[in-house]
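Participant: Data file final_21.cif (mmCIF, C-alpha atoms) is appended below.
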data_work
loop_
_atom_site.group_PDB
_atom_site.id
_atom_site.type_symbol
_atom_site.label_atom_id
_atom_site.label_comp_id
_atom_site.auth_asym_id
_atom_site.auth_seq_id
_atom_site.Cartn_x
_atom_site.Cartn_y
_atom_site.Cartn_z
ATOM 1 C CA MET A 1 122.136 77.715 122.403
ATOM 2 C CA ILE A 2 124.198 76.448 125.323
ATOM 3 C CA THR A 3 127.532 78.246 125.686
ATOM 4 C CA LEU A 4 130.467 78.178 128.067
ATOM 5 C CA SER A 5 129.804 79.851 131.371
ATOM 6 C CA THR A 6 131.330 83.247 131.976
ATOM 7 C CA GLY A 7 134.869 82.996 133.271
ATOM 8 C CA SER A 8 135.323 79.379 132.223
ATOM 9 C CA ARG A 9 138.919 78.567 131.382
ATOM 10 C CA GLN A 10 139.417 75.443 129.317
ATOM 11 C CA PRO A 11 142.885 74.136 128.406
ATOM 12 C CA THR A 12 143.854 74.383 124.769
ATOM 13 C CA ARG A 13 143.574 71.000 123.064
ATOM 14 C CA ASP A 14 143.940 70.069 119.416
ATOM 15 C CA PRO A 15 140.871 68.506 117.765
ATOM 16 C CA TRP A 16 141.086 64.902 116.575
ATOM 17 C CA PRO A 17 140.038 63.775 113.108
ATOM 18 C CA LEU A 18 136.876 61.660 113.072
ATOM 19 C CA GLU A 19 138.917 58.614 112.022
ATOM 20 C CA CYS A 20 141.090 59.006 115.115
ATOM 21 C CA LEU A 21 138.058 59.260 117.400
ATOM 22 C CA ILE A 22 136.535 56.130 115.856
ATOM 23 C CA HIS A 23 139.814 54.243 116.199
ATOM 24 C CA GLU A 24 140.361 55.192 119.843
ATOM 25 C CA ARG A 25 136.763 54.354 120.703
ATOM 26 C CA SER A 26 137.192 50.941 119.083
ATOM 27 C CA VAL A 27 140.299 50.316 121.168
ATOM 28 C CA ALA A 28 138.442 51.287 124.356
ATOM 29 C CA LEU A 29 135.487 49.049 123.488
ATOM 30 C CA GLY A 30 137.878 46.184 122.846
ATOM 31 C CA MET A 31 139.288 46.572 126.353
ATOM 32 C CA ALA A 32 135.890 46.624 128.074
ATOM 33 C CA ILE A 33 136.297 42.979 129.089
ATOM 34 C CA ASP A 34 139.351 40.820 129.686
ATOM 35 C CA SER A 35 140.766 38.994 126.668
ATOM 36 C CA SER A 36 140.142 35.572 128.223
ATOM 37 C CA THR A 37 136.541 36.548 128.971
ATOM 38 C CA HIS A 38 136.152 37.760 125.400
ATOM 39 C CA SER A 39 137.332 34.379 124.100
ATOM 40 C CA ALA A 40 134.776 32.575 126.266
ATOM 41 C CA TYR A 41 131.998 34.912 125.111
ATOM 42 C CA THR A 42 133.009 34.433 121.476
ATOM 43 C CA SER A 43 132.879 30.662 121.919
ATOM 44 C CA ALA A 44 129.353 30.975 123.329
ATOM 45 C CA LEU A 45 128.299 33.149 120.390
ATOM 46 C CA ASN A 46 129.702 30.597 117.946
ATOM 47 C CA SER A 47 127.546 27.936 119.614
ATOM 48 C CA TYR A 48 124.460 30.114 119.186
ATOM 49 C CA ILE A 49 125.253 30.890 115.537
ATOM 50 C CA THR A 50 125.761 27.181 114.827
ATOM 51 C CA PHE A 51 122.452 26.380 116.540
ATOM 52 C CA CYS A 52 120.605 28.967 114.443
ATOM 53 C CA GLN A 53 122.176 27.679 111.236
ATOM 54 C CA LEU A 54 121.343 24.058 112.062
ATOM 55 C CA HIS A 55 117.701 24.879 112.730
ATOM 56 C CA GLN A 56 117.395 27.599 110.083
ATOM 57 C CA PHE A 57 116.483 30.258 112.632
ATOM 58 C CA PRO A 58 117.283 33.930 112.032
ATOM 59 C CA LEU A 59 120.267 35.165 114.015
ATOM 60 C CA GLU A 60 118.249 37.989 115.561
ATOM 61 C CA PRO A 61 117.511 36.845 119.128
ATOM 62 C CA THR A 62 113.970 36.289 120.331
ATOM 63 C CA GLU A 63 112.551 34.651 123.434
ATOM 64 C CA ASP A 64 111.746 31.622 121.294
ATOM 65 C CA SER A 65 115.254 31.277 119.858
ATOM 66 C CA PHE A 66 116.915 31.738 123.261
ATOM 67 C CA SER A 67 114.585 29.275 124.988
ATOM 68 C CA PHE A 68 115.016 26.728 122.178
ATOM 69 C CA PHE A 69 118.785 27.195 122.403
ATOM 70 C CA ALA A 70 118.642 26.566 126.161
ATOM 71 C CA VAL A 71 116.630 23.357 125.733
ATOM 72 C CA TYR A 72 118.848 22.083 122.926
ATOM 73 C CA MET A 73 122.182 22.816 124.596
ATOM 74 C CA SER A 74 121.014 21.440 127.954
ATOM 75 C CA HIS A 75 120.925 18.021 126.295
ATOM 76 C CA HIS A 76 124.629 18.366 125.497
ATOM 77 C CA ILE A 77 126.173 20.373 128.352
ATOM 78 C CA ASN A 78 125.274 21.265 131.927
ATOM 79 C CA PRO A 79 122.354 23.750 132.098
ATOM 80 C CA ARG A 80 124.450 25.995 134.354
ATOM 81 C CA SER A 81 126.869 26.373 131.461
ATOM 82 C CA VAL A 82 123.988 27.226 129.131
ATOM 83 C CA ASP A 83 123.020 30.024 131.506
ATOM 84 C CA ALA A 84 126.588 31.347 131.330
ATOM 85 C CA TYR A 85 126.579 30.954 127.541
ATOM 86 C CA LEU A 86 123.569 33.246 127.256
ATOM 87 C CA SER A 87 125.369 35.946 129.231
ATOM 88 C CA GLY A 88 128.259 35.799 126.787
ATOM 89 C CA ILE A 89 125.914 35.769 123.806
ATOM 90 C CA CYS A 90 124.173 38.890 125.101
ATOM 91 C CA ASN A 91 127.505 40.659 125.488
ATOM 92 C CA GLN A 92 128.484 39.876 121.901
ATOM 93 C CA LEU A 93 125.111 40.599 120.290
ATOM 94 C CA GLU A 94 124.205 43.760 122.203
ATOM 95 C CA PRO A 95 125.930 46.157 119.750
ATOM 96 C CA HIS A 96 123.770 44.699 116.962
ATOM 97 C CA PHE A 97 120.563 44.004 118.906
ATOM 98 C CA PRO A 98 120.276 46.512 121.799
ATOM 99 C CA ASN A 99 117.252 44.748 123.333
ATOM 100 C CA VAL A 100 118.997 41.378 123.656
ATOM 101 C CA ARG A 101 119.326 41.592 127.455
ATOM 102 C CA THR A 102 115.618 42.304 127.801
ATOM 103 C CA ILE A 103 114.934 39.180 125.752
ATOM 104 C CA ARG A 104 117.376 37.191 127.886
ATOM 105 C CA LYS A 105 115.530 38.238 131.062
ATOM 106 C CA GLY A 106 112.137 37.411 129.577
ATOM 107 C CA LEU A 107 109.834 35.052 131.452
ATOM 108 C CA LEU A 108 109.920 32.351 128.762
ATOM 109 C CA VAL A 109 113.722 32.223 128.682
ATOM 110 C CA SER A 110 114.275 32.380 132.438
ATOM 111 C CA ARG A 111 111.681 29.692 133.179
ATOM 112 C CA THR A 112 113.025 27.450 130.429
ATOM 113 C CA ILE A 113 116.513 27.633 131.932
ATOM 114 C CA CYS A 114 115.096 26.995 135.398
ATOM 115 C CA GLY A 115 113.274 23.932 134.103
ATOM 116 C CA CYS A 116 116.397 22.642 132.341
ATOM 117 C CA LYS A 117 118.376 22.971 135.568
ATOM 118 C CA ARG A 118 115.761 20.929 137.413
ATOM 119 C CA LEU A 119 115.556 18.300 134.680
ATOM 120 C CA ARG A 120 119.206 17.902 133.782
ATOM 121 C CA GLY A 121 121.221 19.738 136.417
ATOM 122 C CA THR A 122 124.006 17.863 138.183
ATOM 123 C CA PRO A 123 125.893 18.705 141.384
ATOM 124 C CA VAL A 124 128.983 20.854 141.068
ATOM 125 C CA LYS A 125 132.126 18.747 141.322
ATOM 126 C CA ARG A 126 134.904 20.552 143.153
ATOM 127 C CA LYS A 127 138.402 19.471 143.932
ATOM 128 C CA LEU A 128 139.122 18.869 147.591
ATOM 129 C CA PRO A 129 140.766 21.891 149.224
ATOM 130 C CA LEU A 130 144.394 21.847 150.202
ATOM 131 C CA SER A 131 144.960 21.079 153.862
ATOM 132 C CA THR A 132 147.909 21.815 156.120
ATOM 133 C CA ASP A 133 148.713 18.096 156.089
ATOM 134 C CA GLY A 134 148.828 18.208 152.309
ATOM 135 C CA LEU A 135 151.157 21.193 152.385
ATOM 136 C CA LEU A 136 153.448 19.462 154.868
ATOM 137 C CA HIS A 137 153.577 16.464 152.558
ATOM 138 C CA VAL A 138 154.636 18.670 149.623
ATOM 139 C CA ILE A 139 157.236 20.441 151.756
ATOM 140 C CA LYS A 140 158.667 17.127 152.927
ATOM 141 C CA ASP A 141 159.036 15.910 149.349
ATOM 142 C CA LEU A 142 160.481 19.088 147.826
ATOM 143 C CA GLU A 143 162.262 21.109 150.507
ATOM 144 C CA LEU A 144 165.646 19.464 149.879
ATOM 145 C CA SER A 145 165.375 19.564 146.094
ATOM 146 C CA SER A 146 167.804 21.836 144.260
ATOM 147 C CA ASP A 147 165.705 21.812 141.085
ATOM 148 C CA HIS A 148 164.430 25.270 140.146
ATOM 149 C CA ASP A 149 160.981 24.029 139.093
ATOM 150 C CA ASP A 150 160.533 22.212 142.411
ATOM 151 C CA LYS A 151 161.437 25.331 144.364
ATOM 152 C CA LEU A 152 159.123 27.432 142.208
ATOM 153 C CA PHE A 153 156.216 25.009 142.644
ATOM 154 C CA LEU A 154 156.718 24.917 146.415
ATOM 155 C CA THR A 155 156.772 28.714 146.543
ATOM 156 C CA GLN A 156 153.641 28.969 144.407
ATOM 157 C CA ILE A 157 151.599 26.448 146.358
ATOM 158 C CA LEU A 158 152.469 27.977 149.745
ATOM 159 C CA THR A 159 151.926 31.534 148.535
ATOM 160 C CA GLY A 160 148.653 30.649 146.842
ATOM 161 C CA PHE A 161 147.380 28.805 149.919
ATOM 162 C CA HIS A 162 148.148 31.522 152.462
ATOM 163 C CA GLY A 163 147.268 34.400 150.127
ATOM 164 C CA LEU A 164 144.060 32.793 148.790
ATOM 165 C CA LEU A 165 145.194 33.433 145.241
ATOM 166 C CA ARG A 166 143.549 32.159 142.109
ATOM 167 C CA LEU A 167 145.538 29.852 139.856
ATOM 168 C CA VAL A 168 145.672 32.504 137.150
ATOM 169 C CA GLU A 169 147.371 34.839 139.641
ATOM 170 C CA LEU A 170 150.173 32.345 140.215
ATOM 171 C CA GLY A 171 151.288 31.961 136.623
ATOM 172 C CA MET A 172 150.792 32.973 133.021
ATOM 173 C CA PRO A 173 147.989 31.783 130.726
ATOM 174 C CA ASP A 174 149.238 29.435 128.018
ATOM 175 C CA PRO A 175 147.766 31.445 125.095
ATOM 176 C CA LYS A 176 149.971 34.496 124.593
ATOM 177 C CA LYS A 177 146.989 36.617 123.568
ATOM 178 C CA HIS A 178 145.565 36.251 127.088
ATOM 179 C CA ARG A 179 148.715 37.424 128.849
ATOM 180 C CA ASN A 180 148.359 40.835 130.428
ATOM 181 C CA TRP A 181 151.640 42.083 131.836
ATOM 182 C CA ARG A 182 149.823 44.621 133.989
ATOM 183 C CA LYS A 183 148.507 41.707 136.074
ATOM 184 C CA PHE A 184 151.805 39.983 136.798
ATOM 185 C CA THR A 185 153.450 40.396 140.181
ATOM 186 C CA LEU A 186 156.950 41.868 140.028
ATOM 187 C CA ARG A 187 159.745 40.514 142.188
ATOM 188 C CA SER A 188 160.594 44.092 143.125
ATOM 189 C CA SER A 189 157.256 44.355 144.973
ATOM 190 C CA VAL A 190 158.138 41.582 147.447
ATOM 191 C CA GLU A 191 158.564 42.894 150.981
ATOM 192 C CA TRP A 192 159.935 40.843 153.866
ATOM 193 C CA LEU A 193 158.010 41.677 157.037
ATOM 194 C CA SER A 194 159.818 39.174 159.248
ATOM 195 C CA SER A 195 161.983 36.086 158.924
ATOM 196 C CA SER A 196 158.890 34.010 158.081
ATOM 197 C CA THR A 197 156.442 36.538 156.642
ATOM 198 C CA TYR A 198 156.420 38.409 153.364
ATOM 199 C CA ALA A 199 154.041 40.486 151.288
ATOM 200 C CA PHE A 200 153.830 41.504 147.653
ATOM 201 C CA ILE A 201 151.726 43.625 145.347
ATOM 202 C CA LEU A 202 149.205 41.949 143.072
ATOM 203 C CA PRO A 203 148.791 44.618 140.360
ATOM 204 C CA ALA A 204 145.309 43.538 139.328
ATOM 205 C CA HIS A 205 142.877 40.671 139.558
ATOM 206 C CA LYS A 206 139.566 39.644 138.042
ATOM 207 C CA ALA A 207 137.515 42.022 140.199
ATOM 208 C CA ASP A 208 139.935 44.949 139.868
ATOM 209 C CA ILE A 209 139.179 46.592 136.526
ATOM 210 C CA THR A 210 140.839 49.860 137.592
ATOM 211 C CA PHE A 211 144.195 48.237 138.401
ATOM 212 C CA GLU A 212 144.261 49.681 141.909
ATOM 213 C CA SER A 213 146.228 46.593 143.035
ATOM 214 C CA ASN A 214 146.201 44.716 146.336
ATOM 215 C CA LYS A 215 148.848 43.972 148.910
ATOM 216 C CA ILE A 216 148.708 40.235 149.541
ATOM 217 C CA LEU A 217 148.873 39.174 153.197
ATOM 218 C CA GLY A 218 147.192 36.553 155.313
ATOM 219 C CA ALA A 219 143.688 37.711 156.305
ATOM 220 C CA THR A 220 140.279 36.467 157.412
ATOM 221 C CA PRO A 221 137.689 35.630 154.732
ATOM 222 C CA ALA A 222 135.595 38.685 155.666
ATOM 223 C CA VAL A 223 138.562 41.007 155.159
ATOM 224 C CA ILE A 224 139.485 39.312 151.891
ATOM 225 C CA GLN A 225 135.994 39.824 150.486
ATOM 226 C CA ALA A 226 135.788 43.376 151.840
ATOM 227 C CA THR A 227 138.822 44.323 149.753
ATOM 228 C CA GLY A 228 137.117 43.080 146.599
ATOM 229 C CA ARG A 229 138.853 39.724 146.259
ATOM 230 C CA TRP A 230 136.564 36.704 145.901
ATOM 231 C CA SER A 231 133.631 39.120 146.068
ATOM 232 C CA SER A 232 131.191 36.583 144.636
ATOM 233 C CA GLU A 233 129.402 33.906 146.636
ATOM 234 C CA ALA A 234 131.608 31.247 145.031
ATOM 235 C CA PHE A 235 134.179 31.698 147.797
ATOM 236 C CA ARG A 236 131.705 31.134 150.644
ATOM 237 C CA LEU A 237 130.045 28.288 148.768
ATOM 238 C CA TYR A 238 133.404 26.578 148.328
ATOM 239 C CA ILE A 239 134.111 26.863 152.057
ATOM 240 C CA ARG A 240 130.659 25.609 153.003
ATOM 241 C CA LYS A 241 130.999 22.583 150.719
ATOM 242 C CA ASN A 242 134.357 21.585 152.229
ATOM 243 C CA PRO A 243 134.119 20.814 155.968
ATOM 244 C CA ILE A 244 137.896 20.522 156.386
ATOM 245 C CA LEU A 245 138.475 24.073 155.189
ATOM 246 C CA LEU A 246 135.505 25.372 157.177
ATOM 247 C CA GLN A 247 136.817 23.770 160.361
ATOM 248 C CA ALA A 248 140.264 25.266 159.801
ATOM 249 C CA LEU A 249 138.796 28.750 159.390
ATOM 250 C CA LEU A 250 136.569 28.415 162.455
ATOM 251 C CA PHE A 251 139.004 26.783 164.849
ATOM 252 C CA GLY A 252 142.422 27.448 163.368
ATOM 253 C CA ASN A 253 143.209 30.289 165.790
ATOM 254 C CA HIS A 254 141.896 28.715 168.982
ATOM 255 C CA GLY A 255 145.338 27.623 170.031
ATOM 256 C CA ASN A 256 146.697 31.185 169.911
#
If you took the structure in this file and wrote it as structure tokens, what would it be?

Facilitator:
Amino acid sequence: MITLSTGSRQPTRDPWPLECLIHERSVALGMAIDSSTHSAYTSALNSYITFCQLHQFPLEPTEDSFSFFAVYMSHHINPRSVDAYLSGICNQLEPHFPNVRTIRKGLLVSRTICGCKRLRGTPVKRKLPLSTDGLLHVIKDLELSSDHDDKLFLTQILTGFHGLLRLVELGMPDPKKHRNWRKFTLRSSVEWLSSSTYAFILPAHKADITFESNKILGATPAVIQATGRWSSEAFRLYIRKNPILLQALLFGNHGN
């Protein structure tokens, strides 16, 4: 029998009833992913359940059912989205079918998705990036406005541009269930560094699950990614696909 080591001093804590342990564990499991992510994953699972019901397949995932689902859905939505759907489906089904991720990574499923992307994939359509000329145009139109919404929009667009913020970090999600007050920037965190420079604390972002927060300032892309923001390749891909933004990053400081 394993016992406490000699001299061990443990603080006195009251035991919890089993019901309390189960409840608190359920709460923790419910917070494992963001509420907006959970909604997206649930939507993907609903698509899979509907597919299985339509084709009279058992809900238990197999390489056949996942590959058939990929082929079927790729005729209706972009295959890249189908790939993302399967990730959400795995997240939702894993408590019931622990081997679901192994099935998802199986050769039949992965090659089917690859083939669907080649057959039916389309280029990613991205909005053009904001440019300094675009910002100057907005400033010219709104700087003399006394309307609160105009002033707020101007502040948001300039702050988001220079701080490389995501849209979700500049406002609140429309669905109330997706609003997390721990992620909202407080006015009390704003710090004026000079007459034209300010900083503020972003309590949390998509890549910050521990709520360590970030101080938002202007920085180079390498520094931004090193701090955990825009840590995926999406940021570099976006820059590479937009020559105007790439040129600004490469040559923007040459005049200094």

Participant: Which of these residues is nearest to A:Ala84, using all atoms listed in the file: A:Arg104, A:Arg25, A:His178, A:Arg118?

Facilitator: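 Distance minimum relative to A:Ala84 lands on A:Arg104.
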
Participant: Between A:Gln56, A:Phe66, A:Pro61, A:Arg111, which residue has the minimum interatomic distance to A:His96, considering all atoms listed in the file?

Facilitator: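 The shortest atom-to-atom distance to A:His96 comes from A:Pro61.
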
Participant: So, with only C-alpha atoms as the atoms that count, which of A:Asp83, A:Asp133, A:Glu169, A:Glu63 lies closest to A:Thr102?

Facilitator: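 Closest to A:Thr102 of all the choices is A:Glu63.
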
Participant: Let me know the residues the PyMOL selection byres ((chain A and resi 34) around 12) catches in the file above, as a PyMOL selection string.

Facilitator: chain A and resi 28-33+35-41+177-180+182-183+204-209

Participant: So, with only C-alpha atoms as the atoms that count, which of A:Lys125, A:Ile103, A:Ile113, A:Leu93 lies closest to A:Phe69?

Facilitator: A:Ile113

Participant: Report, in Å to a single decimal, how far apart atom CA of A:Arg166 and atom CA of A:Pro129 are.

Facilitator: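 Interatomic distance, atom CA of A:Pro129 to atom CA of A:Arg166: 12.8 Å.
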
Participant: Write out as a PyMOL selection string the residues lying within 12 Å of A:Arg80, counting only C-alpha atoms and excluding same-chain residues fewer than 3 positions away.

Facilitator: chain A and resi 70-71+73-77+83-87+113-124

Participant: Hey, could you patch up stretch 102-137 of chain A with N, CA and C atoms and hand it over as a PDB file, keeping the file's coordinate frame?

Facilitator:
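Writing the result to selection_23.pdb gives the following:
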ATOM      1  N   THR A 102     117.033  42.369 127.419  1.00  0.00           N
ATOM      2  CA  THR A 102     115.618  42.304 127.801  1.00  0.00           C
ATOM      3  C   THR A 102     115.026  40.957 127.399  1.00  0.00           C
ATOM      4  N   ILE A 103     115.394  40.490 126.216  1.00  0.00           N
ATOM      5  CA  ILE A 103     114.934  39.180 125.752  1.00  0.00           C
ATOM      6  C   ILE A 103     115.471  38.078 126.660  1.00  0.00           C
ATOM      7  N   ARG A 104     116.748  38.201 127.019  1.00  0.00           N
ATOM      8  CA  ARG A 104     117.376  37.191 127.886  1.00  0.00           C
ATOM      9  C   ARG A 104     116.667  37.096 129.238  1.00  0.00           C
ATOM     10  N   LYS A 105     116.190  38.222 129.757  1.00  0.00           N
ATOM     11  CA  LYS A 105     115.530  38.238 131.062  1.00  0.00           C
ATOM     12  C   LYS A 105     114.037  37.930 130.972  1.00  0.00           C
ATOM     13  N   GLY A 106     113.557  37.680 129.771  1.00  0.00           N
ATOM     14  CA  GLY A 106     112.137  37.411 129.577  1.00  0.00           C
ATOM     15  C   GLY A 106     111.682  36.172 130.333  1.00  0.00           C
ATOM     16  N   LEU A 107     110.397  36.133 130.646  1.00  0.00           N
ATOM     17  CA  LEU A 107     109.834  35.052 131.452  1.00  0.00           C
ATOM     18  C   LEU A 107     110.012  33.692 130.782  1.00  0.00           C
ATOM     19  N   LEU A 108     109.806  33.623 129.475  1.00  0.00           N
ATOM     20  CA  LEU A 108     109.920  32.351 128.762  1.00  0.00           C
ATOM     21  C   LEU A 108     111.342  31.797 128.847  1.00  0.00           C
ATOM     22  N   VAL A 109     112.323  32.665 128.655  1.00  0.00           N
ATOM     23  CA  VAL A 109     113.722  32.223 128.682  1.00  0.00           C
ATOM     24  C   VAL A 109     114.139  31.815 130.092  1.00  0.00           C
ATOM     25  N   SER A 110     113.837  32.659 131.067  1.00  0.00           N
ATOM     26  CA  SER A 110     114.275  32.380 132.438  1.00  0.00           C
ATOM     27  C   SER A 110     113.628  31.111 132.985  1.00  0.00           C
ATOM     28  N   ARG A 111     112.344  30.901 132.682  1.00  0.00           N
ATOM     29  CA  ARG A 111     111.681  29.692 133.179  1.00  0.00           C
ATOM     30  C   ARG A 111     112.156  28.441 132.441  1.00  0.00           C
ATOM     31  N   THR A 112     112.486  28.594 131.173  1.00  0.00           N
ATOM     32  CA  THR A 112     113.025  27.450 130.429  1.00  0.00           C
ATOM     33  C   THR A 112     114.356  27.007 131.029  1.00  0.00           C
ATOM     34  N   ILE A 113     115.218  27.965 131.328  1.00  0.00           N
ATOM     35  CA  ILE A 113     116.513  27.633 131.932  1.00  0.00           C
ATOM     36  C   ILE A 113     116.313  27.003 133.304  1.00  0.00           C
ATOM     37  N   CYS A 114     115.383  27.552 134.077  1.00  0.00           N
ATOM     38  CA  CYS A 114     115.096  26.995 135.398  1.00  0.00           C
ATOM     39  C   CYS A 114     114.629  25.547 135.280  1.00  0.00           C
ATOM     40  N   GLY A 115     113.756  25.292 134.310  1.00  0.00           N
ATOM     41  CA  GLY A 115     113.274  23.932 134.103  1.00  0.00           C
ATOM     42  C   GLY A 115     114.381  22.989 133.660  1.00  0.00           C
ATOM     43  N   CYS A 116     115.273  23.471 132.798  1.00  0.00           N
ATOM     44  CA  CYS A 116     116.397  22.642 132.341  1.00  0.00           C
ATOM     45  C   CYS A 116     117.323  22.289 133.500  1.00  0.00           C
ATOM     46  N   LYS A 117     117.523  23.243 134.408  1.00  0.00           N
ATOM     47  CA  LYS A 117     118.376  22.971 135.568  1.00  0.00           C
ATOM     48  C   LYS A 117     117.757  21.904 136.457  1.00  0.00           C
ATOM     49  N   ARG A 118     116.432  21.939 136.591  1.00  0.00           N
ATOM     50  CA  ARG A 118     115.761  20.929 137.413  1.00  0.00           C
ATOM     51  C   ARG A 118     115.769  19.555 136.732  1.00  0.00           C
ATOM     52  N   LEU A 119     115.616  19.562 135.415  1.00  0.00           N
ATOM     53  CA  LEU A 119     115.556  18.300 134.680  1.00  0.00           C
ATOM     54  C   LEU A 119     116.922  17.649 134.512  1.00  0.00           C
ATOM     55  N   ARG A 120     117.925  18.457 134.202  1.00  0.00           N
ATOM     56  CA  ARG A 120     119.206  17.902 133.782  1.00  0.00           C
ATOM     57  C   ARG A 120     120.393  18.428 134.579  1.00  0.00           C
ATOM     58  N   GLY A 121     120.126  19.213 135.613  1.00  0.00           N
ATOM     59  CA  GLY A 121     121.221  19.738 136.417  1.00  0.00           C
ATOM     60  C   GLY A 121     121.923  18.645 137.209  1.00  0.00           C
ATOM     61  N   THR A 122     123.206  18.801 137.391  1.00  0.00           N
ATOM     62  CA  THR A 122     124.006  17.863 138.183  1.00  0.00           C
ATOM     63  C   THR A 122     124.784  18.645 139.233  1.00  0.00           C
ATOM     64  N   PRO A 123     125.139  17.997 140.344  1.00  0.00           N
ATOM     65  CA  PRO A 123     125.893  18.705 141.384  1.00  0.00           C
ATOM     66  C   PRO A 123     127.236  19.207 140.867  1.00  0.00           C
ATOM     67  N   VAL A 124     127.673  20.312 141.425  1.00  0.00           N
ATOM     68  CA  VAL A 124     128.983  20.854 141.068  1.00  0.00           C
ATOM     69  C   VAL A 124     130.066  19.962 141.666  1.00  0.00           C
ATOM     70  N   LYS A 125     131.016  19.571 140.846  1.00  0.00           N
ATOM     71  CA  LYS A 125     132.126  18.747 141.322  1.00  0.00           C
ATOM     72  C   LYS A 125     133.338  19.642 141.556  1.00  0.00           C
ATOM     73  N   ARG A 126     133.757  19.716 142.800  1.00  0.00           N
ATOM     74  CA  ARG A 126     134.904  20.552 143.153  1.00  0.00           C
ATOM     75  C   ARG A 126     136.045  19.694 143.667  1.00  0.00           C
ATOM     76  N   LYS A 127     137.241  20.143 143.384  1.00  0.00           N
ATOM     77  CA  LYS A 127     138.402  19.471 143.932  1.00  0.00           C
ATOM     78  C   LYS A 127     138.429  19.676 145.446  1.00  0.00           C
ATOM     79  N   LEU A 128     138.972  18.707 146.155  1.00  0.00           N
ATOM     80  CA  LEU A 128     139.122  18.869 147.591  1.00  0.00           C
ATOM     81  C   LEU A 128     140.101  20.002 147.876  1.00  0.00           C
ATOM     82  N   PRO A 129     139.852  20.783 148.911  1.00  0.00           N
ATOM     83  CA  PRO A 129     140.766  21.891 149.224  1.00  0.00           C
ATOM     84  C   PRO A 129     142.087  21.374 149.764  1.00  0.00           C
ATOM     85  N   LEU A 130     143.112  22.175 149.594  1.00  0.00           N
ATOM     86  CA  LEU A 130     144.394  21.847 150.202  1.00  0.00           C
ATOM     87  C   LEU A 130     144.273  21.937 151.717  1.00  0.00           C
ATOM     88  N   SER A 131     144.934  21.054 152.400  1.00  0.00           N
ATOM     89  CA  SER A 131     144.960  21.079 153.862  1.00  0.00           C
ATOM     90  C   SER A 131     146.397  21.306 154.320  1.00  0.00           C
ATOM     91  N   THR A 132     146.554  21.627 155.593  1.00  0.00           N
ATOM     92  CA  THR A 132     147.909  21.815 156.120  1.00  0.00           C
ATOM     93  C   THR A 132     148.701  20.512 156.043  1.00  0.00           C
ATOM     94  N   ASP A 133     148.022  19.383 156.221  1.00  0.00           N
ATOM     95  CA  ASP A 133     148.713  18.096 156.089  1.00  0.00           C
ATOM     96  C   ASP A 133     149.218  17.901 154.661  1.00  0.00           C
ATOM     97  N   GLY A 134     148.402  18.311 153.696  1.00  0.00           N
ATOM     98  CA  GLY A 134     148.828  18.208 152.309  1.00  0.00           C
ATOM     99  C   GLY A 134     150.030  19.086 152.016  1.00  0.00           C
ATOM    100  N   LEU A 135     150.022  20.290 152.575  1.00  0.00           N
ATOM    101  CA  LEU A 135     151.157  21.193 152.385  1.00  0.00           C
ATOM    102  C   LEU A 135     152.424  20.619 153.013  1.00  0.00           C
ATOM    103  N   LEU A 136     152.284  20.061 154.199  1.00  0.00           N
ATOM    104  CA  LEU A 136     153.448  19.462 154.868  1.00  0.00           C
ATOM    105  C   LEU A 136     154.013  18.308 154.050  1.00  0.00           C
ATOM    106  N   HIS A 137     153.131  17.570 153.402  1.00  0.00           N
ATOM    107  CA  HIS A 137     153.577  16.464 152.558  1.00  0.00           C
ATOM    108  C   HIS A 137     154.389  16.989 151.372  1.00  0.00           C
TER     109      HIS A 137
END
